[in-house]
Every structure is written in C-alpha cells, then in structure tokens.
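Engineer: I am sharing data_15.cif, which consists of mmCIF, C-alpha atoms:
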data_final
loop_
_atom_site.group_PDB
_atom_site.id
_atom_site.type_symbol
_atom_site.label_atom_id
_atom_site.label_comp_id
_atom_site.auth_asym_id
_atom_site.auth_seq_id
_atom_site.Cartn_x
_atom_site.Cartn_y
_atom_site.Cartn_z
ATOM 1 C CA MET A 4 -12.374 163.000 -26.867
ATOM 2 C CA ILE A 5 -14.613 161.726 -24.081
ATOM 3 C CA SER A 6 -14.755 157.927 -23.874
ATOM 4 C CA THR A 7 -18.216 156.382 -24.189
ATOM 5 C CA ALA A 8 -17.078 152.928 -23.067
ATOM 6 C CA ILE A 9 -19.220 151.302 -20.389
ATOM 7 C CA HIS A 10 -17.679 148.959 -17.847
ATOM 8 C CA CYS A 11 -19.310 146.517 -15.462
ATOM 9 C CA GLY A 12 -19.641 147.897 -11.955
ATOM 10 C CA ALA A 13 -18.910 144.478 -10.447
ATOM 11 C CA CYS A 14 -16.007 143.003 -12.430
ATOM 12 C CA GLY A 15 -14.827 145.958 -14.525
ATOM 13 C CA ALA A 16 -15.213 144.190 -17.865
ATOM 14 C CA ARG A 17 -16.100 146.287 -20.907
ATOM 15 C CA MET A 18 -19.809 146.120 -21.796
ATOM 16 C CA GLU A 19 -21.171 146.372 -25.309
ATOM 17 C CA PRO A 20 -23.293 149.482 -26.053
ATOM 18 C CA GLY A 21 -26.902 148.760 -25.172
ATOM 19 C CA ALA A 22 -26.081 145.628 -23.159
ATOM 20 C CA ASN A 23 -28.200 145.183 -20.041
ATOM 21 C CA TYR A 24 -25.943 142.575 -18.458
ATOM 22 C CA CYS A 25 -22.207 142.020 -18.303
ATOM 23 C CA SER A 26 -21.138 139.155 -20.597
ATOM 24 C CA ASN A 27 -18.327 138.318 -18.169
ATOM 25 C CA CYS A 28 -20.147 138.065 -14.830
ATOM 26 C CA ALA A 29 -23.861 138.592 -15.679
ATOM 27 C CA THR A 30 -24.228 141.565 -13.337
ATOM 28 C CA GLY A 31 -27.033 143.937 -14.304
ATOM 29 C CA ARG A 32 -25.953 147.235 -15.853
ATOM 30 C CA ASP A 33 -28.416 149.325 -13.851
ATOM 31 C CA ASP A 34 -27.960 147.463 -10.587
ATOM 32 C CA PRO A 35 -24.315 146.420 -10.092
ATOM 33 C CA ASN A 36 -25.165 144.839 -6.736
ATOM 34 C CA THR A 37 -27.725 142.434 -8.194
ATOM 35 C CA ARG A 38 -26.731 139.342 -10.115
ATOM 36 C CA ALA A 39 -28.890 138.340 -13.080
ATOM 37 C CA LEU A 40 -30.135 135.100 -11.569
ATOM 38 C CA PHE A 41 -32.044 134.023 -14.649
ATOM 39 C CA VAL A 42 -28.781 133.336 -16.487
ATOM 40 C CA VAL A 43 -27.390 131.135 -13.716
ATOM 41 C CA ASP A 44 -27.900 127.370 -13.533
ATOM 42 C CA GLY A 45 -29.625 126.449 -10.291
ATOM 43 C CA THR A 46 -27.682 123.233 -9.723
ATOM 44 C CA THR A 47 -24.091 124.292 -10.332
ATOM 45 C CA GLY A 48 -24.167 128.062 -9.864
ATOM 46 C CA LEU A 49 -22.533 128.445 -13.288
ATOM 47 C CA PHE A 50 -23.960 130.286 -16.282
ATOM 48 C CA ASN A 51 -26.790 128.322 -17.854
ATOM 49 C CA ASP A 52 -27.263 126.935 -21.357
ATOM 50 C CA ALA A 53 -28.948 130.024 -22.811
ATOM 51 C CA PHE A 54 -26.394 132.495 -21.500
ATOM 52 C CA THR A 55 -23.409 130.311 -22.404
ATOM 53 C CA GLY A 56 -24.666 129.857 -25.963
ATOM 54 C CA ALA A 57 -25.211 133.593 -26.356
ATOM 55 C CA LEU A 58 -21.753 134.287 -24.957
ATOM 56 C CA VAL A 59 -20.124 131.881 -27.427
ATOM 57 C CA ASP A 60 -21.951 133.593 -30.301
ATOM 58 C CA HIS A 61 -20.813 136.998 -29.051
ATOM 59 C CA GLU A 62 -17.200 135.954 -28.541
ATOM 60 C CA THR A 63 -17.076 134.172 -31.911
ATOM 61 C CA SER A 64 -18.358 137.292 -33.663
ATOM 62 C CA ARG A 65 -15.756 139.388 -31.867
ATOM 63 C CA ALA A 66 -13.010 136.919 -32.793
ATOM 64 C CA MET A 67 -14.049 137.012 -36.442
ATOM 65 C CA ARG A 68 -14.180 140.806 -36.473
ATOM 66 C CA TYR A 69 -10.717 141.236 -35.026
ATOM 67 C CA LYS A 70 -9.236 138.057 -36.533
ATOM 68 C CA ARG A 71 -8.435 136.493 -33.186
ATOM 69 C CA PRO A 72 -8.678 132.824 -32.168
ATOM 70 C CA ILE A 73 -11.313 131.404 -29.851
ATOM 71 C CA SER A 74 -11.709 127.905 -28.448
ATOM 72 C CA VAL A 75 -14.420 126.019 -26.600
ATOM 73 C CA LEU A 76 -14.053 122.985 -24.352
ATOM 74 C CA VAL A 77 -17.083 120.807 -23.678
ATOM 75 C CA ALA A 78 -16.694 118.352 -20.803
ATOM 76 C CA MET A 79 -18.695 115.427 -19.481
ATOM 77 C CA LEU A 80 -18.189 113.590 -16.227
ATOM 78 C CA ASP A 81 -16.834 110.101 -16.816
ATOM 79 C CA HIS A 82 -19.020 107.265 -15.486
ATOM 80 C CA SER A 83 -21.820 109.735 -14.724
ATOM 81 C CA GLU A 84 -24.505 107.064 -15.046
ATOM 82 C CA PHE A 85 -22.870 104.952 -12.330
ATOM 83 C CA ILE A 86 -22.418 107.980 -10.086
ATOM 84 C CA ALA A 87 -26.105 108.842 -10.483
ATOM 85 C CA ASN A 88 -27.122 105.274 -9.647
ATOM 86 C CA ASP A 89 -24.915 105.187 -6.555
ATOM 87 C CA HIS A 90 -25.764 108.626 -5.184
ATOM 88 C CA GLY A 91 -29.196 109.629 -6.420
ATOM 89 C CA PRO A 92 -30.227 113.112 -7.580
ATOM 90 C CA ALA A 93 -29.454 115.142 -4.448
ATOM 91 C CA GLN A 94 -25.939 113.839 -3.827
ATOM 92 C CA SER A 95 -25.172 113.899 -7.559
ATOM 93 C CA ALA A 96 -26.125 117.585 -7.585
ATOM 94 C CA ASP A 97 -23.743 118.200 -4.671
ATOM 95 C CA LEU A 98 -20.959 116.545 -6.650
ATOM 96 C CA LEU A 99 -21.717 118.671 -9.714
ATOM 97 C CA ARG A 100 -21.552 121.836 -7.606
ATOM 98 C CA GLU A 101 -18.197 120.809 -6.194
ATOM 99 C CA LEU A 102 -16.933 119.955 -9.674
ATOM 100 C CA ALA A 103 -18.134 123.336 -10.942
ATOM 101 C CA GLU A 104 -15.972 125.067 -8.329
ATOM 102 C CA VAL A 105 -12.943 123.052 -9.413
ATOM 103 C CA LEU A 106 -13.505 123.926 -13.075
ATOM 104 C CA ALA A 107 -13.962 127.620 -12.326
ATOM 105 C CA GLY A 108 -10.681 127.607 -10.437
ATOM 106 C CA ALA A 109 -8.804 125.817 -13.221
ATOM 107 C CA VAL A 110 -9.367 128.387 -15.991
ATOM 108 C CA ARG A 111 -8.125 131.942 -16.515
ATOM 109 C CA ASP A 112 -9.956 135.044 -15.347
ATOM 110 C CA ILE A 113 -10.913 135.881 -18.942
ATOM 111 C CA ASP A 114 -12.449 132.433 -19.506
ATOM 112 C CA THR A 115 -16.044 131.507 -18.731
ATOM 113 C CA VAL A 116 -17.437 128.222 -17.427
ATOM 114 C CA GLY A 117 -21.068 127.315 -18.074
ATOM 115 C CA TYR A 118 -23.323 124.316 -17.536
ATOM 116 C CA LEU A 119 -25.452 123.080 -20.415
ATOM 117 C CA GLY A 120 -27.706 120.755 -18.440
ATOM 118 C CA ASP A 121 -25.720 117.569 -19.004
ATOM 119 C CA ARG A 122 -22.225 118.848 -19.760
ATOM 120 C CA PHE A 123 -19.895 121.694 -18.899
ATOM 121 C CA CYS A 124 -18.657 124.309 -21.350
ATOM 122 C CA MET A 125 -15.510 126.422 -21.054
ATOM 123 C CA VAL A 126 -15.234 129.447 -23.346
ATOM 124 C CA LEU A 127 -11.614 130.406 -24.028
ATOM 125 C CA PRO A 128 -11.228 133.723 -25.885
ATOM 126 C CA GLU A 129 -7.875 134.625 -27.444
ATOM 127 C CA THR A 130 -6.939 130.929 -27.431
ATOM 128 C CA ASP A 131 -5.796 128.809 -30.367
ATOM 129 C CA GLN A 132 -5.847 125.011 -30.439
ATOM 130 C CA ALA A 133 -2.415 124.662 -28.845
ATOM 131 C CA GLY A 134 -3.383 126.990 -26.019
ATOM 132 C CA ALA A 135 -6.692 125.195 -25.579
ATOM 133 C CA MET A 136 -4.869 121.872 -25.261
ATOM 134 C CA VAL A 137 -2.785 123.376 -22.456
ATOM 135 C CA ALA A 138 -5.983 124.607 -20.790
ATOM 136 C CA ALA A 139 -7.655 121.210 -21.218
ATOM 137 C CA ASP A 140 -4.683 119.447 -19.660
ATOM 138 C CA LYS A 141 -4.784 121.830 -16.693
ATOM 139 C CA VAL A 142 -8.515 121.230 -16.257
ATOM 140 C CA MET A 143 -8.165 117.443 -16.383
ATOM 141 C CA HIS A 144 -5.339 117.464 -13.854
ATOM 142 C CA ALA A 145 -7.253 119.767 -11.495
ATOM 143 C CA VAL A 146 -10.363 117.586 -11.663
ATOM 144 C CA ALA A 147 -8.458 114.327 -11.189
ATOM 145 C CA ALA A 148 -6.357 115.686 -8.309
ATOM 146 C CA HIS A 149 -9.268 117.016 -6.264
ATOM 147 C CA GLN A 150 -10.750 114.891 -3.494
ATOM 148 C CA TYR A 151 -14.521 115.318 -3.687
ATOM 149 C CA ALA A 152 -16.274 115.448 -0.334
ATOM 150 C CA ALA A 153 -19.585 114.988 -2.145
ATOM 151 C CA GLY A 154 -18.273 111.724 -3.587
ATOM 152 C CA HIS A 155 -18.792 110.042 -0.199
ATOM 153 C CA GLY A 156 -15.901 107.633 -0.513
ATOM 154 C CA GLN A 157 -16.649 105.697 -3.676
ATOM 155 C CA TRP A 158 -16.461 108.717 -5.981
ATOM 156 C CA GLU A 159 -13.954 110.908 -4.155
ATOM 157 C CA ARG A 160 -11.839 110.797 -7.318
ATOM 158 C CA ILE A 161 -13.470 111.532 -10.663
ATOM 159 C CA THR A 162 -12.356 112.399 -14.190
ATOM 160 C CA LEU A 163 -13.673 114.251 -17.222
ATOM 161 C CA SER A 164 -13.602 113.700 -20.953
ATOM 162 C CA LEU A 165 -13.414 116.812 -23.117
ATOM 163 C CA GLY A 166 -14.160 117.879 -26.668
ATOM 164 C CA LEU A 167 -12.249 120.821 -28.128
ATOM 165 C CA ALA A 168 -13.176 123.109 -31.018
ATOM 166 C CA THR A 169 -11.244 126.151 -32.233
ATOM 167 C CA VAL A 170 -11.779 128.878 -34.794
ATOM 168 C CA ASN A 171 -8.465 130.363 -35.907
ATOM 169 C CA PRO A 172 -8.037 133.828 -37.464
ATOM 170 C CA ASP A 173 -6.601 132.435 -40.710
ATOM 171 C CA ARG A 174 -9.597 130.127 -41.239
ATOM 172 C CA MET A 175 -12.545 132.212 -40.155
ATOM 173 C CA GLY A 176 -16.122 131.136 -40.667
ATOM 174 C CA ARG A 177 -19.309 131.003 -38.655
ATOM 175 C CA GLN A 178 -19.214 127.832 -36.575
ATOM 176 C CA ASP A 179 -21.280 126.389 -33.764
ATOM 177 C CA LEU A 180 -18.343 125.794 -31.463
ATOM 178 C CA ILE A 181 -20.397 124.158 -28.718
ATOM 179 C CA GLN A 182 -21.950 121.677 -31.131
ATOM 180 C CA SER A 183 -18.604 120.942 -32.779
ATOM 181 C CA ALA A 184 -16.856 120.362 -29.452
ATOM 182 C CA THR A 185 -19.742 118.186 -28.258
ATOM 183 C CA LEU A 186 -19.601 116.035 -31.391
ATOM 184 C CA ALA A 187 -15.844 115.619 -30.972
ATOM 185 C CA LEU A 188 -16.422 114.554 -27.376
ATOM 186 C CA MET A 189 -19.158 112.064 -28.243
ATOM 187 C CA ASP A 190 -17.235 110.595 -31.166
ATOM 188 C CA GLY A 191 -14.123 110.132 -29.058
ATOM 189 C CA ARG A 192 -15.534 108.759 -25.807
ATOM 190 C CA SER A 193 -15.246 105.193 -27.069
ATOM 191 C CA ASP A 194 -11.459 105.680 -27.026
ATOM 192 C CA GLY A 195 -11.491 105.890 -23.242
ATOM 193 C CA SER A 196 -12.070 108.353 -20.422
ATOM 194 C CA ASN A 197 -10.010 111.288 -19.137
ATOM 195 C CA LYS A 198 -8.969 112.393 -22.635
ATOM 196 C CA VAL A 199 -9.286 115.427 -24.904
ATOM 197 C CA HIS A 200 -10.920 114.879 -28.292
ATOM 198 C CA LEU A 201 -10.331 117.381 -31.095
ATOM 199 C CA VAL A 202 -12.501 118.527 -33.962
ATOM 200 C CA SER A 203 -10.652 117.252 -37.018
ATOM 201 C CA GLN A 204 -11.087 120.354 -39.181
ATOM 202 C CA MET A 205 -12.808 123.714 -38.842
ATOM 203 C CA SER A 206 -13.080 126.474 -41.397
#
In structure tokens, how does this file's structure come out?
Structural biologist:
Amino acid sequence: MISTAIHCGACGARMEPGANYCSNCATGRDDPNTRALFVVDGTTGLFNDAFTGALVDHETSRAMRYKRPISVLVAMLDHSEFIANDHGPAQSADLLRELAEVLAGAVRDIDTVGYLGDRFCMVLPETDQAGAMVAADKVMHAVAAHQYAAGHGQWERITLSLGLATVNPDRMGRQDLIQSATLALMDGRSDGSNKVHLVSQMS
C-alpha cells in the first residue's frame, strides 16, 4: 500500500491531511523555504497566541483520541513590572527575546514554546504530570542559571513562575489547558516566585 502521509519539508514532522502549515515549525506546505510569519510573535520570535492556542487544541484532541497524556506549562517573568520600569519597552523586549531563546533550548524537540502576549506557554505532548514537573524544573534552572546580557546589570539574573496543567489518558475530557495552567499560576503567585503551581484536579 502506498503511504499518503505528508511530512514537513523543513522539519520532517508529520502533517495532518489538508493542513497548510506544519504544526511543529509553522513552515508552509507549498513553500518549505518560507516560514509562516503570521503565526510568529514579533517580539520574541516564538509562535504567537493564536497559533499556540490552535496547537494546544490539536494536541489535546490527538491525546484524547489515542489516550495519551499532554501537559502545558504557562510561565510569567517574576518582577516583570519592576523590569519594565527599569528598562523601558525596547530593552524589556530584548530581555524577552533572550529569555525566549533560553526557554526554547530548555525543552525537548517535540515540545513547542509560544508567547501569549504577556506570558510564555510550553506545550508538552506525551507528558504526564510527573514528566511535566521534571520539565518545569529543568526550565526554571535554565532560566535562573543564564546570565542575561539584555538585563544590563541589574536584571542579569531573572526567574520564572509557572502554572502546570495535565490531561491524563485515564481521566480524559475536553479542557482548556492554557486557561487552567494560567489560573494555577495566578492563584499560586502569592506563595512566592520561582515556583511551579499545579492545577488541583482535571477530568
């Protein structure tokens, strides 16, 4: 039997039938040398809010179909309001770009990092809560260990707080993972910075 599978010409990832862009790297199906710029955030160079949300929906549907786990980490820069006051918009944007590179380097090749306008989102397919905690710990250590040139001395060392949401194969149900992880993050930030905050229960 002849395979009808379509793979991305840039990264090799499998593409869904009828898809115009690769869900892994956003390369156009008909033009593998051209990146789909409209799905990329202009400040960080990461996937933007719209693409990241669509990717989470797609990956959640796939996880439900095949009864596989999926997790999402939502992260916010600690003390961001003070950083913005000290640096202003242009230098703050430089710091976000540098942070985006650190985050992209701290996750697996199968994971995706996006920027939602005021927070980062890491999509972790095939990852249960325990695995996501390991990933979150790796991310926090990578961020805290990096010396940020864009920090200009005062903010050369920064940290993140994260919210974590997971859908497990034995408790499947349609969930807004980004919203759930964001709520966990917001609810837990009063407990201190540089921590991971979990969703208490997900169906």
Engineer: Rounded to one decimal place, report the atom CA of A:Lys141-atom CA of A:Ala109 distance in Å.
Structural biologist: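 It comes out at 6.6 Å.
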Engineer: Might you spell out which residues the PyMOL selection byres ((chain A and resi 59-75) around 6) would select in the displayed file, as a list in words?
Structural biologist: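 Expected selection for the PyMOL selection byres ((chain A and resi 59-75) around 6) here is Gly56, Ala57, Leu58, Leu76, Met125, Val126, Leu127, Pro128, Glu129, Thr130, Asp131, Leu167, Ala168, Thr169, Val170, Asn171 and Pro172 of chain A.
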Engineer: So that I can see what lies close to A:Leu165, please list as a ChimeraX atom specification the residues with an atom at most 6 Å from it, counting only C-alpha atoms and leaving out residues fewer than 6 positions away in the same chain.
Structural biologist: /A:77-78,188,199
Engineer: Record the distance separating atom CA of A:Ala148 and atom CA of A:Val42, expressed in Å with one decimal.
Structural biologist: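 Taking atom CA of A:Ala148 and atom CA of A:Val42, their separation equals 29.7 Å.
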Engineer: One number please: atom CA of A:Ser196 to atom CA of A:His144, in Å, one decimal.
Structural biologist: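 Distance reported for this atom pair: 13.1 Å.
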Engineer: What would the list of residues within 12 Å of (-23.8, 121.3, -32.9) (file frame) look like as an MDAnalysis selection string, if all atoms listed in the file are what count?
Structural biologist: chainID A and resid 56 77 166 168 178:189 202
Engineer: Those residues you just picked out, can you put them in a file as a JSON list (two decimals), in the coordinates of the input with C-alpha atoms?
Structural biologist:
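File written: part_21.json
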[["chain", "number", "residue", "atom", "x", "y", "z"],
["A", 56, "GLY", "CA", -24.67, 129.86, -25.96],
["A", 77, "VAL", "CA", -17.08, 120.81, -23.68],
["A", 166, "GLY", "CA", -14.16, 117.88, -26.67],
["A", 168, "ALA", "CA", -13.18, 123.11, -31.02],
["A", 178, "GLN", "CA", -19.21, 127.83, -36.58],
["A", 179, "ASP", "CA", -21.28, 126.39, -33.76],
["A", 180, "LEU", "CA", -18.34, 125.79, -31.46],
["A", 181, "ILE", "CA", -20.40, 124.16, -28.72],
["A", 182, "GLN", "CA", -21.95, 121.68, -31.13],
["A", 183, "SER", "CA", -18.60, 120.94, -32.78],
["A", 184, "ALA", "CA", -16.86, 120.36, -29.45],
["A", 185, "THR", "CA", -19.74, 118.19, -28.26],
["A", 186, "LEU", "CA", -19.60, 116.04, -31.39],
["A", 187, "ALA", "CA", -15.84, 115.62, -30.97],
["A", 188, "LEU", "CA", -16.42, 114.55, -27.38],
["A", 189, "MET", "CA", -19.16, 112.06, -28.24],
["A", 202, "VAL", "CA", -12.50, 118.53, -33.96]]
Engineer: Could you check which residues have any atom within 7 Å of (-19.0, 125.4, -16.1), counting only C-alpha atoms with coordinates taken straight from the file, and then list them as a PyMOL selection string?
Structural biologist: chain A and resi 49-50+103+106-107+116-118+123-125
Engineer: Could you check the closest approach to A:Asn51 for each of A:Ala139, A:Leu119, A:Leu102, A:Ala147 and tell me which residue wins, using all atoms listed in the file?
Structural biologist: A:Leu119
Engineer: If we count all atoms listed in the file and set the cut-off at 9 Å, which residues sit around A:Arg160, ignoring sequence neighbours fewer than 5 positions away in its own chain? Please answer as a PyMOL selection string.
Structural biologist: chain A and resi 146-151+154
Engineer: For A:Gln132, which residue among A:Val105, A:Leu201, A:Val110, A:Ala53 is the nearest when counting only C-alpha atoms?
Structural biologist: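 Answer, going by the shortest atom-to-atom distance: A:Leu201.
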Engineer: Reconstruct N, CA, C and O atoms of stretch 141-163 of chain A; output as a compact mmCIF listing (two decimals), keeping the file's coordinate frame.
Structural biologist:
# COMPACT_ATOMS: atom_id res chain seq x y z
N LYS A 141 -4.71 121.26 -18.04
CA LYS A 141 -4.78 121.83 -16.69
C LYS A 141 -6.11 121.48 -16.03
O LYS A 141 -6.15 121.13 -14.84
N VAL A 142 -7.19 121.56 -16.79
CA VAL A 142 -8.52 121.23 -16.26
C VAL A 142 -8.57 119.76 -15.83
O VAL A 142 -9.04 119.43 -14.73
N MET A 143 -8.11 118.87 -16.70
CA MET A 143 -8.16 117.44 -16.38
C MET A 143 -7.34 117.11 -15.15
O MET A 143 -7.77 116.31 -14.30
N HIS A 144 -6.17 117.72 -15.02
CA HIS A 144 -5.34 117.46 -13.85
C HIS A 144 -5.99 118.00 -12.58
O HIS A 144 -5.94 117.35 -11.53
N ALA A 145 -6.59 119.19 -12.67
CA ALA A 145 -7.25 119.77 -11.50
C ALA A 145 -8.42 118.90 -11.04
O ALA A 145 -8.61 118.67 -9.84
N VAL A 146 -9.20 118.42 -11.99
CA VAL A 146 -10.36 117.59 -11.66
C VAL A 146 -9.92 116.26 -11.06
O VAL A 146 -10.47 115.80 -10.05
N ALA A 147 -8.91 115.64 -11.66
CA ALA A 147 -8.46 114.33 -11.19
C ALA A 147 -7.75 114.41 -9.84
O ALA A 147 -7.79 113.45 -9.05
N ALA A 148 -7.13 115.55 -9.55
CA ALA A 148 -6.36 115.69 -8.31
C ALA A 148 -7.22 116.03 -7.11
O ALA A 148 -6.82 115.81 -5.96
N HIS A 149 -8.41 116.56 -7.36
CA HIS A 149 -9.27 117.02 -6.26
C HIS A 149 -9.93 115.83 -5.57
O HIS A 149 -10.35 114.87 -6.21
N GLN A 150 -10.02 115.91 -4.26
CA GLN A 150 -10.75 114.89 -3.49
C GLN A 150 -12.14 115.44 -3.19
O GLN A 150 -12.28 116.43 -2.47
N TYR A 151 -13.16 114.79 -3.73
CA TYR A 151 -14.52 115.32 -3.69
C TYR A 151 -15.25 114.84 -2.44
O TYR A 151 -15.57 113.65 -2.30
N ALA A 152 -15.54 115.79 -1.55
CA ALA A 152 -16.27 115.45 -0.33
C ALA A 152 -17.66 114.91 -0.67
O ALA A 152 -18.17 114.01 0.01
N ALA A 153 -18.25 115.43 -1.74
CA ALA A 153 -19.58 114.99 -2.14
C ALA A 153 -19.57 113.60 -2.77
O ALA A 153 -20.62 113.03 -3.03
N GLY A 154 -18.37 113.06 -3.02
CA GLY A 154 -18.27 111.72 -3.59
C GLY A 154 -18.52 110.62 -2.58
O GLY A 154 -18.76 109.47 -2.95
N HIS A 155 -18.47 110.98 -1.28
CA HIS A 155 -18.79 110.04 -0.20
C HIS A 155 -18.04 108.72 -0.34
O HIS A 155 -18.62 107.64 -0.29
N GLY A 156 -16.74 108.82 -0.52
CA GLY A 156 -15.90 107.63 -0.51
C GLY A 156 -15.72 107.00 -1.87
O GLY A 156 -14.63 107.02 -2.44
N GLN A 157 -16.78 106.45 -2.43
CA GLN A 157 -16.65 105.70 -3.68
C GLN A 157 -16.25 106.58 -4.85
O GLN A 157 -15.51 106.15 -5.74
N TRP A 158 -16.74 107.82 -4.86
CA TRP A 158 -16.46 108.72 -5.98
C TRP A 158 -15.72 109.96 -5.51
O TRP A 158 -15.99 111.07 -5.96
N GLU A 159 -14.77 109.78 -4.59
CA GLU A 159 -13.95 110.91 -4.16
C GLU A 159 -13.00 111.36 -5.25
O GLU A 159 -12.52 112.49 -5.24
N ARG A 160 -12.69 110.47 -6.18
CA ARG A 160 -11.84 110.80 -7.32
C ARG A 160 -12.64 110.59 -8.59
O ARG A 160 -13.18 109.49 -8.83
N ILE A 161 -12.72 111.62 -9.41
CA ILE A 161 -13.47 111.53 -10.66
C ILE A 161 -12.63 112.12 -11.79
O ILE A 161 -11.63 112.80 -11.55
N THR A 162 -13.05 111.86 -13.02
CA THR A 162 -12.36 112.40 -14.19
C THR A 162 -13.37 112.93 -15.19
O THR A 162 -14.57 112.64 -15.11
N LEU A 163 -12.86 113.69 -16.15
CA LEU A 163 -13.67 114.25 -17.22
C LEU A 163 -13.13 113.81 -18.57
O LEU A 163 -11.94 113.56 -18.72
